[in-house]
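Asks: For reference, this is final-v7.pdb, and it has PDB, C-alpha atoms and all ligand atoms.
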```pdb
ATOM      1  CA  MET A 230      65.102  69.693-177.454
ATOM      2  CA  ARG A 231      62.780  72.529-176.554
ATOM      3  CA  MET A 232      59.524  72.714-178.387
ATOM      4  CA  ALA A 233      56.443  74.890-178.237
ATOM      5  CA  VAL A 234      53.076  75.210-179.910
ATOM      6  CA  LEU A 235      50.676  77.944-180.894
ATOM      7  CA  ALA A 236      47.417  77.242-179.060
ATOM      8  CA  ILE A 237      44.164  78.850-180.184
ATOM      9  CA  ASP A 238      40.877  78.848-178.272
ATOM     10  CA  ILE A 239      37.953  79.847-180.494
ATOM     11  CA  GLY A 240      35.043  81.024-178.365
ATOM     12  CA  GLY A 241      31.799  82.746-179.233
ATOM     13  CA  THR A 242      32.828  85.871-177.299
ATOM     14  CA  LYS A 243      36.605  85.947-177.521
ATOM     15  CA  LEU A 244      39.465  84.446-179.503
ATOM     16  CA  ALA A 245      42.377  83.661-177.192
ATOM     17  CA  ALA A 246      45.756  82.264-178.136
ATOM     18  CA  GLY A 247      49.147  81.623-176.646
ATOM     19  CA  ILE A 248      52.603  80.274-177.275
ATOM     20  CA  VAL A 249      52.933  77.359-174.850
ATOM     21  CA  ASP A 250      56.043  75.256-174.270
ATOM     22  CA  SER A 251      56.208  71.515-173.653
ATOM     23  CA  GLU A 252      56.056  72.068-169.877
ATOM     24  CA  GLY A 253      52.750  73.909-170.235
ATOM     25  CA  ARG A 254      54.235  77.350-169.625
ATOM     26  CA  MET A 255      52.500  80.205-171.412
ATOM     27  CA  LEU A 256      55.320  82.191-173.048
ATOM     28  CA  ALA A 257      53.100  84.730-174.784
ATOM     29  CA  ARG A 258      49.376  85.376-174.826
ATOM     30  CA  GLY A 259      46.870  87.443-176.758
ATOM     31  CA  GLU A 260      43.140  87.785-177.236
ATOM     32  CA  VAL A 261      40.641  89.688-179.350
ATOM     33  CA  PRO A 262      36.842  89.812-179.425
ATOM     34  CA  THR A 263      35.329  87.185-181.756
ATOM     35  CA  ARG A 264      32.518  89.393-183.098
ATOM     36  CA  ALA A 265      30.892  86.139-184.152
ATOM     37  CA  THR A 266      27.870  87.833-185.725
ATOM     38  CA  GLU A 267      30.102  89.130-188.542
ATOM     39  CA  GLY A 268      30.256  85.551-189.852
ATOM     40  CA  LEU A 269      32.942  83.111-190.931
ATOM     41  CA  GLU A 270      35.508  85.039-192.990
ATOM     42  CA  PRO A 271      36.007  88.058-190.696
ATOM     43  CA  VAL A 272      36.364  85.736-187.687
ATOM     44  CA  LEU A 273      38.841  83.493-189.527
ATOM     45  CA  ALA A 274      40.822  86.582-190.535
ATOM     46  CA  ARG A 275      40.994  87.689-186.891
ATOM     47  CA  ILE A 276      42.194  84.217-185.831
ATOM     48  CA  VAL A 277      44.956  84.322-188.460
ATOM     49  CA  THR A 278      46.007  87.860-187.471
ATOM     50  CA  LEU A 279      46.115  86.855-183.802
ATOM     51  CA  GLY A 280      48.149  83.742-184.647
ATOM     52  CA  ARG A 281      50.614  85.687-186.795
ATOM     53  CA  SER A 282      51.099  88.349-184.140
ATOM     54  CA  LEU A 283      51.963  85.683-181.555
ATOM     55  CA  LEU A 284      54.261  83.783-183.923
ATOM     56  CA  SER A 285      56.165  87.002-184.619
ATOM     57  CA  ARG A 286      56.830  87.657-180.923
ATOM     58  CA  PRO A 287      60.447  87.104-179.804
ATOM     59  CA  GLU A 288      59.275  84.502-177.249
ATOM     60  CA  ALA A 289      57.992  82.400-180.164
ATOM     61  CA  ALA A 290      61.177  82.717-182.202
ATOM     62  CA  ASP A 291      63.244  81.329-179.314
ATOM     63  CA  ALA A 292      60.805  78.554-178.476
ATOM     64  CA  HIS A 293      60.696  76.491-181.710
ATOM     65  CA  VAL A 294      56.968  76.537-182.430
ATOM     66  CA  ARG A 295      56.222  73.302-184.304
ATOM     67  CA  ARG A 296      52.468  72.895-184.380
ATOM     68  CA  ILE A 297      49.154  74.615-183.862
ATOM     69  CA  GLY A 298      46.455  73.268-181.556
ATOM     70  CA  VAL A 299      42.918  74.600-181.924
ATOM     71  CA  GLY A 300      39.933  74.171-179.634
ATOM     72  CA  CYS A 301      36.554  74.985-181.141
ATOM     73  CA  ALA A 302      32.938  74.253-180.250
ATOM     74  CA  GLY A 303      31.560  71.185-182.003
ATOM     75  CA  PRO A 304      30.231  69.347-183.800
ATOM     76  CA  VAL A 305      33.600  68.581-185.376
ATOM     77  CA  ASP A 306      35.115  65.888-187.589
ATOM     78  CA  LEU A 307      38.559  65.681-186.067
ATOM     79  CA  ALA A 308      40.230  63.452-188.652
ATOM     80  CA  ALA A 309      39.046  65.697-191.498
ATOM     81  CA  GLY A 310      39.640  68.906-189.513
ATOM     82  CA  LEU A 311      36.100  70.096-190.141
ATOM     83  CA  VAL A 312      33.861  72.245-187.965
ATOM     84  CA  PHE A 313      30.102  71.921-188.510
ATOM     85  CA  LYS A 314      27.608  74.552-187.328
ATOM     86  CA  PRO A 315      28.726  75.359-183.741
ATOM     87  CA  PRO A 316      25.856  77.143-181.967
ATOM     88  CA  ASN A 317      28.133  80.024-180.893
ATOM     89  CA  LEU A 318      29.584  80.726-184.366
ATOM     90  CA  PRO A 319      26.895  81.763-186.853
ATOM     91  CA  GLY A 320      27.778  81.161-190.504
ATOM     92  CA  TRP A 321      30.243  78.352-189.774
ATOM     93  CA  THR A 322      28.971  75.457-191.858
ATOM     94  CA  ARG A 323      31.366  72.592-192.563
ATOM     95  CA  VAL A 324      34.470  74.782-192.244
ATOM     96  CA  PRO A 325      37.811  73.116-193.176
ATOM     97  CA  LEU A 326      39.427  74.822-190.198
ATOM     98  CA  THR A 327      42.708  72.921-189.952
ATOM     99  CA  GLU A 328      43.352  73.328-193.685
ATOM    100  CA  ARG A 329      42.613  77.066-193.578
ATOM    101  CA  LEU A 330      44.867  77.694-190.573
ATOM    102  CA  GLN A 331      47.614  75.442-191.897
ATOM    103  CA  GLN A 332      47.649  77.369-195.177
ATOM    104  CA  ALA A 333      47.556  80.779-193.531
ATOM    105  CA  LEU A 334      50.020  80.124-190.710
ATOM    106  CA  GLY A 335      52.286  77.496-192.267
ATOM    107  CA  LEU A 336      52.286  74.952-189.435
ATOM    108  CA  PRO A 337      50.630  71.535-189.003
ATOM    109  CA  THR A 338      47.338  72.136-187.217
ATOM    110  CA  ILE A 339      45.388  69.809-184.942
ATOM    111  CA  LEU A 340      41.732  70.407-184.130
ATOM    112  CA  GLU A 341      39.882  69.337-180.997
ATOM    113  CA  ASN A 342      36.401  69.961-179.652
ATOM    114  CA  ASP A 343      36.748  72.740-177.041
ATOM    115  CA  ALA A 344      35.399  70.730-174.095
ATOM    116  CA  ASN A 345      37.745  67.820-174.878
ATOM    117  CA  ALA A 346      40.642  70.262-175.160
ATOM    118  CA  ALA A 347      39.759  71.772-171.779
ATOM    119  CA  ALA A 348      39.573  68.255-170.309
ATOM    120  CA  LEU A 349      43.044  67.485-171.638
ATOM    121  CA  GLY A 350      44.335  70.824-170.316
ATOM    122  CA  GLU A 351      43.078  70.109-166.786
ATOM    123  CA  PHE A 352      44.417  66.562-167.067
ATOM    124  CA  ARG A 353      47.937  67.687-168.057
ATOM    125  CA  TYR A 354      48.357  70.934-166.153
ATOM    126  CA  GLY A 355      45.455  71.407-163.755
ATOM    127  CA  ALA A 356      43.305  69.518-161.263
ATOM    128  CA  GLY A 357      43.774  66.224-163.123
ATOM    129  CA  ARG A 358      47.563  66.238-163.064
ATOM    130  CA  GLY A 359      49.027  62.913-161.981
ATOM    131  CA  ALA A 360      45.861  60.891-162.682
ATOM    132  CA  GLN A 361      45.415  58.412-165.534
ATOM    133  CA  SER A 362      41.710  58.998-166.068
ATOM    134  CA  ILE A 363      39.441  61.943-165.377
ATOM    135  CA  VAL A 364      36.057  63.239-166.381
ATOM    136  CA  TYR A 365      35.946  66.994-166.876
ATOM    137  CA  MET A 366      32.730  68.988-166.854
ATOM    138  CA  THR A 367      32.097  72.655-167.472
ATOM    139  CA  VAL A 368      28.910  74.117-166.039
ATOM    140  CA  SER A 369      28.184  77.572-167.408
ATOM    141  CA  THR A 370      25.913  78.776-170.248
ATOM    142  CA  GLY A 371      25.745  75.122-171.250
ATOM    143  CA  ILE A 372      27.132  71.949-169.726
ATOM    144  CA  GLY A 373      29.987  70.325-171.623
ATOM    145  CA  GLY A 374      32.449  67.624-170.838
ATOM    146  CA  GLY A 375      35.420  65.563-171.853
ATOM    147  CA  ILE A 376      36.585  62.091-170.889
ATOM    148  CA  ILE A 377      40.263  61.188-170.490
ATOM    149  CA  LEU A 378      40.930  57.457-170.250
ATOM    150  CA  ASP A 379      44.456  56.092-169.837
ATOM    151  CA  GLY A 380      45.865  59.504-170.675
ATOM    152  CA  LYS A 381      43.906  60.024-173.893
ATOM    153  CA  VAL A 382      40.723  61.813-174.887
ATOM    154  CA  TRP A 383      37.943  59.284-175.445
ATOM    155  CA  HIS A 384      36.351  60.514-178.673
ATOM    156  CA  GLY A 385      33.812  57.775-179.328
ATOM    157  CA  LEU A 386      31.839  57.221-182.491
ATOM    158  CA  LYS A 387      31.674  60.358-184.684
ATOM    159  CA  ASP A 388      33.783  62.201-182.095
ATOM    160  CA  ALA A 389      30.567  62.527-180.101
ATOM    161  CA  ALA A 390      31.653  61.209-176.680
ATOM    162  CA  GLY A 391      31.724  63.194-173.466
ATOM    163  CA  GLU A 392      28.511  65.189-173.865
ATOM    164  CA  VAL A 393      27.634  64.899-170.196
ATOM    165  CA  GLY A 394      25.281  67.876-170.464
ATOM    166  CA  HIS A 395      22.921  65.951-172.705
ATOM    167  CA  MET A 396      22.188  62.904-170.614
ATOM    168  CA  THR A 397      18.568  62.796-169.506
ATOM    169  CA  VAL A 398      18.241  63.457-165.785
ATOM    170  CA  SER A 399      14.558  64.444-165.681
ATOM    171  CA  PRO A 400      12.353  62.578-168.194
ATOM    172  CA  ASP A 401       9.630  65.241-168.225
ATOM    173  CA  GLY A 402      11.910  68.240-167.791
ATOM    174  CA  PRO A 403      12.079  71.291-170.051
ATOM    175  CA  VAL A 404      13.198  71.001-173.677
ATOM    176  CA  CYS A 405      16.972  71.306-174.088
ATOM    177  CA  GLY A 406      18.805  73.209-176.837
ATOM    178  CA  CYS A 407      19.591  69.805-178.400
ATOM    179  CA  GLY A 408      15.880  68.987-178.774
ATOM    180  CA  ASN A 409      15.721  66.337-176.051
ATOM    181  CA  ARG A 410      13.778  66.844-172.838
ATOM    182  CA  GLY A 411      15.248  67.075-169.341
ATOM    183  CA  CYS A 412      18.945  66.988-170.240
ATOM    184  CA  LEU A 413      21.338  67.882-167.419
ATOM    185  CA  GLU A 414      22.032  71.127-169.301
ATOM    186  CA  ALA A 415      18.308  71.964-169.272
ATOM    187  CA  MET A 416      18.180  71.444-165.488
ATOM    188  CA  ALA A 417      21.461  72.776-164.099
ATOM    189  CA  SER A 418      23.247  75.146-166.509
ATOM    190  CA  GLY A 419      23.469  78.814-165.475
ATOM    191  CA  PRO A 420      20.538  79.940-167.668
ATOM    192  CA  SER A 421      18.444  76.916-166.596
ATOM    193  CA  ILE A 422      18.935  77.801-162.922
ATOM    194  CA  ALA A 423      17.895  81.406-163.578
ATOM    195  CA  ARG A 424      14.881  80.290-165.630
ATOM    196  CA  ARG A 425      13.678  77.928-162.902
ATOM    197  CA  ALA A 426      13.826  80.775-160.368
ATOM    198  CA  ARG A 427      11.854  83.061-162.697
ATOM    199  CA  ASP A 428       9.265  80.309-163.271
ATOM    200  CA  LEU A 429       8.682  79.893-159.529
ATOM    201  CA  MET A 430       8.189  83.645-159.113
ATOM    202  CA  THR A 431       5.840  83.769-162.120
ATOM    203  CA  ALA A 432       3.882  81.006-160.384
ATOM    204  CA  GLY A 433       3.406  83.342-157.419
ATOM    205  CA  ARG A 434       6.291  82.531-155.080
ATOM    206  CA  THR A 435       7.835  85.574-153.448
ATOM    207  CA  SER A 436      11.585  85.964-153.332
ATOM    208  CA  ARG A 437      14.196  88.670-153.051
ATOM    209  CA  LEU A 438      15.300  87.426-156.466
ATOM    210  CA  SER A 439      12.431  89.526-157.862
ATOM    211  CA  GLU A 440      14.484  92.640-157.002
ATOM    212  CA  VAL A 441      17.268  91.531-159.366
ATOM    213  CA  THR A 442      16.996  92.990-162.875
ATOM    214  CA  LYS A 443      19.012  90.517-164.959
ATOM    215  CA  LEU A 444      18.739  87.373-162.903
ATOM    216  CA  THR A 445      21.637  84.893-163.199
ATOM    217  CA  SER A 446      22.606  81.673-161.450
ATOM    218  CA  ALA A 447      25.133  83.719-159.434
ATOM    219  CA  ASP A 448      22.221  85.695-157.924
ATOM    220  CA  VAL A 449      20.450  82.439-157.109
ATOM    221  CA  ALA A 450      23.593  81.120-155.380
ATOM    222  CA  ARG A 451      24.108  84.381-153.477
ATOM    223  CA  LEU A 452      20.535  84.578-152.167
ATOM    224  CA  ALA A 453      20.403  80.838-151.462
ATOM    225  CA  LYS A 454      23.415  81.366-149.195
ATOM    226  CA  ASP A 455      21.386  84.138-147.533
ATOM    227  CA  GLY A 456      18.522  81.739-146.882
ATOM    228  CA  ASP A 457      16.022  83.012-149.451
ATOM    229  CA  PRO A 458      13.556  80.081-149.736
ATOM    230  CA  VAL A 459      13.030  80.208-153.527
ATOM    231  CA  ALA A 460      16.747  80.637-154.241
ATOM    232  CA  SER A 461      17.567  77.791-151.830
ATOM    233  CA  GLU A 462      15.026  75.510-153.455
ATOM    234  CA  VAL A 463      16.253  76.243-156.988
ATOM    235  CA  TRP A 464      19.913  75.908-156.025
ATOM    236  CA  GLY A 465      19.219  72.648-154.197
ATOM    237  CA  GLU A 466      17.392  71.234-157.220
ATOM    238  CA  ALA A 467      20.218  72.175-159.595
ATOM    239  CA  VAL A 468      22.841  70.638-157.301
ATOM    240  CA  GLY A 469      20.651  67.534-157.069
ATOM    241  CA  TYR A 470      20.531  67.149-160.853
ATOM    242  CA  LEU A 471      24.274  67.739-161.142
ATOM    243  CA  GLY A 472      24.710  65.039-158.517
ATOM    244  CA  ILE A 473      22.650  62.603-160.599
ATOM    245  CA  GLY A 474      24.814  63.382-163.637
ATOM    246  CA  VAL A 475      28.145  63.130-161.845
ATOM    247  CA  ALA A 476      27.141  59.923-160.047
ATOM    248  CA  ALA A 477      26.096  58.365-163.369
ATOM    249  CA  VAL A 478      29.401  59.270-164.979
ATOM    250  CA  ILE A 479      31.373  57.844-162.040
ATOM    251  CA  THR A 480      29.286  54.672-161.980
ATOM    252  CA  ILE A 481      29.968  54.031-165.667
ATOM    253  CA  LEU A 482      33.610  55.103-165.974
ATOM    254  CA  ALA A 483      35.035  54.994-162.431
ATOM    255  CA  PRO A 484      37.503  57.779-163.255
ATOM    256  CA  GLU A 485      40.212  58.671-160.752
ATOM    257  CA  ARG A 486      38.880  62.222-160.504
ATOM    258  CA  VAL A 487      35.991  64.382-161.626
ATOM    259  CA  VAL A 488      37.029  67.968-162.379
ATOM    260  CA  ILE A 489      34.345  70.628-162.720
ATOM    261  CA  GLY A 490      34.808  74.153-164.054
ATOM    262  CA  GLY A 491      32.660  76.874-165.612
ATOM    263  CA  GLY A 492      30.922  79.971-164.259
ATOM    264  CA  VAL A 493      28.434  78.142-162.026
ATOM    265  CA  THR A 494      31.375  76.669-160.052
ATOM    266  CA  ASN A 495      32.326  80.194-158.945
ATOM    267  CA  ALA A 496      29.949  79.441-156.060
ATOM    268  CA  GLY A 497      32.822  77.321-154.676
ATOM    269  CA  ASP A 498      32.105  75.148-151.640
ATOM    270  CA  PHE A 499      28.484  76.264-151.698
ATOM    271  CA  LEU A 500      28.263  74.104-154.832
ATOM    272  CA  PHE A 501      30.916  71.460-154.233
ATOM    273  CA  GLU A 502      30.024  70.443-150.661
ATOM    274  CA  PRO A 503      26.353  69.565-151.273
ATOM    275  CA  LEU A 504      27.286  68.154-154.700
ATOM    276  CA  ARG A 505      29.750  65.692-153.154
ATOM    277  CA  GLN A 506      27.121  64.644-150.581
ATOM    278  CA  GLU A 507      24.587  64.067-153.356
ATOM    279  CA  VAL A 508      27.040  62.065-155.477
ATOM    280  CA  TRP A 509      28.265  59.963-152.562
ATOM    281  CA  ARG A 510      24.679  59.235-151.541
ATOM    282  CA  ARG A 511      24.038  57.826-155.028
ATOM    283  CA  LEU A 512      27.256  55.843-155.479
ATOM    284  CA  LYS A 513      26.796  52.245-154.484
ATOM    285  CA  LEU A 514      29.271  50.272-156.586
ATOM    286  CA  VAL A 515      32.251  52.591-156.918
ATOM    287  CA  PRO A 516      33.400  53.223-153.322
ATOM    288  CA  ALA A 517      31.905  56.558-152.253
ATOM    289  CA  GLU A 518      34.500  59.235-151.469
ATOM    290  CA  SER A 519      37.148  57.367-153.487
ATOM    291  CA  VAL A 520      36.630  59.631-156.498
ATOM    292  CA  PRO A 521      37.567  63.229-155.650
ATOM    293  CA  ILE A 522      35.213  65.826-157.146
ATOM    294  CA  LEU A 523      37.432  68.853-157.631
ATOM    295  CA  PRO A 524      37.117  72.408-158.905
ATOM    296  CA  ALA A 525      38.982  73.048-162.165
ATOM    297  CA  ALA A 526      42.372  74.660-161.574
ATOM    298  CA  LEU A 527      43.305  76.452-164.791
ATOM    299  CA  GLY A 528      40.785  79.310-164.748
ATOM    300  CA  PRO A 529      40.050  81.312-167.889
ATOM    301  CA  ASP A 530      43.171  80.061-169.739
ATOM    302  CA  VAL A 531      41.961  76.446-169.722
ATOM    303  CA  GLY A 532      40.994  76.776-173.403
ATOM    304  CA  ILE A 533      44.479  77.882-174.486
ATOM    305  CA  LEU A 534      46.305  75.360-172.297
ATOM    306  CA  GLY A 535      43.943  72.641-173.498
ATOM    307  CA  ALA A 536      44.552  73.451-177.165
ATOM    308  CA  ALA A 537      48.280  73.442-176.371
ATOM    309  CA  ALA A 538      48.036  69.991-174.777
ATOM    310  CA  VAL A 539      46.249  68.737-177.907
ATOM    311  CA  ALA A 540      49.082  69.957-180.150
ATOM    312  CA  LEU A 541      51.835  68.777-177.798
ATOM    313  CA  ASP A 542      50.287  65.287-177.594
ATOM    314  CA  ALA A 543      49.958  64.972-181.368
TER     315      ALA A 543
HETATM  316 ZN    ZN A 601      20.382  68.303-174.484
END
```
Could you spell out this file's structure in C-alpha cells?
Ligand SMILES: [Zn+2]
Replies:
Amino acid sequence: MRMAVLAIDIGGTKLAAGIVDSEGRMLARGEVPTRATEGLEPVLARIVTLGRSLLSRPEAADAHVRRIGVGCAGPVDLAAGLVFKPPNLPGWTRVPLTERLQQALGLPTILENDANAAALGEFRYGAGRGAQSIVYMTVSTGIGGGIILDGKVWHGLKDAAGEVGHMTVSPDGPVCGCGNRGCLEAMASGPSIARRARDLMTAGRTSRLSEVTKLTSADVARLAKDGDPVASEVWGEAVGYLGIGVAAVITILAPERVVIGGGVTNAGDFLFEPLRQEVWRRLKLVPAESVPILPAALGPDVGILGAAAVALDA
C-alpha cells in the first residue's frame, strides 16, 4: 500500500517541509523564513501553518500521509521528543517538539537531530544509496555529522554520537563554539577558514583577499585556485585538518563510504581531490582508496528528504 510522510526541516534561516512518499519522491514542497529571533512560539506557529498547508494539498490527500518526521538542530532527547537550546533557535529551551506537533497536526511525529537526518537522507536516497554503512559530514557554518551503521543511525549515549566537528585536530588551536580548543569545526568550517585568512593579513601578509569586503571561505577557495599565496596556504591547511578528521573517522568505523556536503564543498574537486590525497596518505590500516569520499548528492533538500527517511523508517 502506498504511504507518505510529512517531512519538516527546522533550520535557523528557513523552515522547509515536504510530502514525501515511500520511494523518496517529493510530492509537494514548501518553505518559509524561520525568523528565529522572534522566539519559540511564533516559529512553532509557522511550522504548524506550513505543515497544515502541505497536508491540505491534493497531493497529500492521495498519498496517505501517516507520520511526521522532523529534523532539528540538537541537543535533542529523541525518546522524549525534546529539543534543548539549539544555537540557531534562540528561546528554545527544553521544547517538547514532537508532542506540540503531534497535537497541532494530528499525526505521530518522530524527531531526529538534523545532521543525523541528513545522514539518513543521503544514505537512503543520495550518495550513500546501496551501502550498509556511511559517515556523513556537513562542512558549512559549522561541521556536523551522522553515522549510519548497518542501515541505522548510530545515536550513542545521550543521542550524542556523530559530532565529527568537535573532535580535536589541533591541540592548541582556536577555541571552538563548544568551548574546546582546536576542534575540526574551529579549523575547517567556512567561518574558521575566513577567520584564518583575516588573521594572516592582520599579521602583515599581503593577499588579494584584502580586496574582498565580506570575506568567506568561497573567496578563499576562489583565490587559492588563482594561486594567491595566502589563500592557498589557508585552503591547504583547512583541507589538511579535514583530512585528519576524515581519516580518523574511517580508521575507527571503516564505513563503506564517506559523504560530505555543506557550503564549503561547493568548491568541488578543488576540495575533494586534495582531501582524498590527504586521507589516503593517513590511512594505514583500512586499505587506502577502498573507502570512497563522495560529495553529497541531495543538495538543499537533504534536510526534508532526511526527515522523511526518519519517519519512513520508524
Ligand atoms: Zn567544538
Asks: Taking into account only C-alpha atoms, which residue in the set A:Cys407, A:Pro316, A:Leu386, A:Val488 is nearest to Thr266 (chain A)?
Replies: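 Using only C-alpha atoms, the shortest distance to Thr266 (chain A) belongs to A:Pro316.
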Asks: Name the residues that the PyMOL selection byres (((chain A and resi 239-247) around 6) and not hetatm) pulls out of this structure, and write them as a VMD selection string.
Replies: chain A and resid 235 to 238 248 to 249 257 to 263 301 317 to 318 533
Asks: Can you write just those residues out, C-alpha atoms, as a PDB file, in the frame of the given file?
Replies:
```pdb
ATOM      1  CA  LEU A 235      50.676  77.944-180.894  1.00  0.00           C
ATOM      2  CA  ALA A 236      47.417  77.242-179.060  1.00  0.00           C
ATOM      3  CA  ILE A 237      44.164  78.850-180.184  1.00  0.00           C
ATOM      4  CA  ASP A 238      40.877  78.848-178.272  1.00  0.00           C
ATOM      5  CA  ILE A 248      52.603  80.274-177.275  1.00  0.00           C
ATOM      6  CA  VAL A 249      52.933  77.359-174.850  1.00  0.00           C
ATOM      7  CA  ALA A 257      53.100  84.730-174.784  1.00  0.00           C
ATOM      8  CA  ARG A 258      49.376  85.376-174.826  1.00  0.00           C
ATOM      9  CA  GLY A 259      46.870  87.443-176.758  1.00  0.00           C
ATOM     10  CA  GLU A 260      43.140  87.785-177.236  1.00  0.00           C
ATOM     11  CA  VAL A 261      40.641  89.688-179.350  1.00  0.00           C
ATOM     12  CA  PRO A 262      36.842  89.812-179.425  1.00  0.00           C
ATOM     13  CA  THR A 263      35.329  87.185-181.756  1.00  0.00           C
ATOM     14  CA  CYS A 301      36.554  74.985-181.141  1.00  0.00           C
ATOM     15  CA  ASN A 317      28.133  80.024-180.893  1.00  0.00           C
ATOM     16  CA  LEU A 318      29.584  80.726-184.366  1.00  0.00           C
ATOM     17  CA  ILE A 533      44.479  77.882-174.486  1.00  0.00           C
TER      18      ILE A 533
END
```
Asks: Can you tell me, as a PyMOL selection string, what residues are no more than 10 Å from Gln361 (chain A) when counting only C-alpha atoms, ignoring any on the same chain fewer than 5 positions away?
Replies: chain A and resi 352-353+377-381+484-486
Asks: Please, could you write that set of residues out with C-alpha atoms as a PDB file, in the coordinates of the input?
Replies:
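Listed below is the output, part_0.pdb:
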```pdb
ATOM      1  CA  PHE A 352      44.417  66.562-167.067  1.00  0.00           C
ATOM      2  CA  ARG A 353      47.937  67.687-168.057  1.00  0.00           C
ATOM      3  CA  ILE A 377      40.263  61.188-170.490  1.00  0.00           C
ATOM      4  CA  LEU A 378      40.930  57.457-170.250  1.00  0.00           C
ATOM      5  CA  ASP A 379      44.456  56.092-169.837  1.00  0.00           C
ATOM      6  CA  GLY A 380      45.865  59.504-170.675  1.00  0.00           C
ATOM      7  CA  LYS A 381      43.906  60.024-173.893  1.00  0.00           C
ATOM      8  CA  PRO A 484      37.503  57.779-163.255  1.00  0.00           C
ATOM      9  CA  GLU A 485      40.212  58.671-160.752  1.00  0.00           C
ATOM     10  CA  ARG A 486      38.880  62.222-160.504  1.00  0.00           C
TER      11      ARG A 486
END
```
Asks: List all protein, DNA and RNA residues that have an atom no more than 10 Å from any atom of ligand ZN 601 (chain A), counting only C-alpha atoms and all ligand atoms, and report them as a PyMOL selection string.
Replies: chain A and resi 371-372+392-397+403-416
Asks: Just say which residues the PyMOL selection byres (((chain A and resi 342-348) around 7) and not hetatm) picks in this file, as a list in words.
Replies: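 In the shown coordinates, the PyMOL selection byres (((chain A and resi 342-348) around 7) and not hetatm) covers Gly300, Cys301, Ala302, Gly303, Val305, Leu340, Glu341, Leu349, Gly350, Glu351, Phe352, Tyr365, Gly373, Gly374, Gly375, Ile376, Val382, Val531, Gly532, Gly535, Ala536 and Val539 of chain A.
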Asks: Smallest atom-to-atom distance to Val449 (chain A): which of A:Thr367, A:Gln506, A:Thr327, A:Ser436, using all atoms listed in the file?
Replies: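 The closest residue to Val449 (chain A) is A:Ser436.
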Asks: Under the PyMOL selection byres (((chain A and resi 464-479) around 6) and not hetatm), which residues of this model are included? Write them out as a list of chain:residue names.
Replies: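 Against this file, the PyMOL selection byres (((chain A and resi 464-479) around 6) and not hetatm) returns the residues A:Ala417, A:Ala460, A:Ser461, A:Glu462, A:Val463, A:Thr480, A:Ile481, A:Leu482, A:Ala483, A:Leu504, A:Glu507, A:Val508.
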Asks: Quote the spacing between CA of Ala540 (chain A) and CA of Trp321 (chain A) in Å to one decimal place.
Replies: 22.8 Å
Asks: Could you check the closest approach to Pro319 (chain A) for each of A:Ala265, A:Ile339, A:Leu527, A:Met232 and tell me which residue wins, using all atoms listed in the file?
Replies: A:Ala265
Asks: What's the separation between CA of Ala537 (chain A) and CA of Thr370 (chain A), in Å to one decimal place?
Replies: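 Computing the Euclidean distance for CA of Ala537 (chain A) and CA of Thr370 (chain A) yields 23.8 Å.
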Asks: What's around region 489-501 of chain A at 8 Å? Count all atoms listed in the file, leave out sequence neighbours fewer than 4 positions away in its own chain, and write the answer as an MDAnalysis selection string.
Replies: chainID A and resid 365:370 418:419 446:447 450 454 468 505 522:526 528
Asks: Tell me, in Å to one decimal, how far CA of Leu283 (chain A) is from CA of Glu267 (chain A).
Replies: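 Interatomic distance here is 23.2 Å.
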Asks: Can you work out which one of A:Ala333, A:Leu273, A:Leu326, A:Val234 has the shortest atom-to-atom distance to Asp291 (chain A), counting all atoms listed in the file?
Replies: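 Selected residue with least distance to Asp291 (chain A): A:Val234.
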Asks: Residues near Trp509 (chain A), anyone? I mean within 10 Å using all atoms listed in the file, not counting same-chain ones fewer than 6 positions away, as JSON, numbers by chain.
Replies: {"A": [472, 475, 476, 503, 515, 516, 517, 518, 519, 520]}
Asks: Rank nothing, just name the residue among A:Arg231, A:Arg437, A:Lys443, A:Lys387 nearest to Ala423 (chain A), using all atoms listed in the file.
Replies: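 Nearest to Ala423 (chain A): A:Lys443.
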Asks: Using all atoms listed in the file for the distances, tell me which of A:Gly310, A:Pro458, A:Gly253, A:Pro529 is nearest to Arg358 (chain A).
Replies: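 Of A:Gly310, A:Pro458, A:Gly253, A:Pro529, the one nearest Arg358 (chain A) is A:Gly253, counting all atoms listed in the file.
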Asks: Using 5 Å of padding on each side, determine the axis-aligned box around all atoms of region 426-444 of chain A present in the file and give its centre and edge lengths in Å to one decimal, as lines of an AutoDock Vina configuration file.
Replies:
```
center_x = 11.2
center_y = 86.4
center_z = -159.0
size_x = 25.6
size_y = 23.1
size_z = 21.9
```
Asks: Selecting C-alpha atoms, how would region 504-528 of chain A from this structure be written as a tab-separated table (two decimals), in the first residue's frame?
Replies:
```
chain	number	residue	atom	x	y	z
A	504	LEU	CA	41.20	15.87	0.61
A	505	ARG	CA	41.28	12.32	-0.76
A	506	GLN	CA	45.08	12.51	-1.11
A	507	GLU	CA	45.39	13.70	2.49
A	508	VAL	CA	43.07	10.98	3.81
A	509	TRP	CA	44.73	8.21	1.81
A	510	ARG	CA	48.15	9.36	3.00
A	511	ARG	CA	46.97	8.94	6.60
A	512	LEU	CA	45.12	5.63	6.25
A	513	LYS	CA	47.34	2.72	7.15
A	514	LEU	CA	45.00	0.02	8.44
A	515	VAL	CA	41.87	0.44	6.35
A	516	PRO	CA	43.02	-0.07	2.74
A	517	ALA	CA	43.55	3.39	1.25
A	518	GLU	CA	41.24	4.18	-1.68
A	519	SER	CA	38.80	1.46	-0.58
A	520	VAL	CA	36.52	4.00	1.09
A	521	PRO	CA	35.10	6.43	-1.48
A	522	ILE	CA	34.93	10.03	-0.26
A	523	LEU	CA	31.98	11.47	-2.16
A	524	PRO	CA	30.17	14.78	-2.46
A	525	ALA	CA	26.63	14.73	-1.05
A	526	ALA	CA	24.02	14.23	-3.76
A	527	LEU	CA	20.76	15.64	-2.41
A	528	GLY	CA	21.55	19.36	-2.43
```
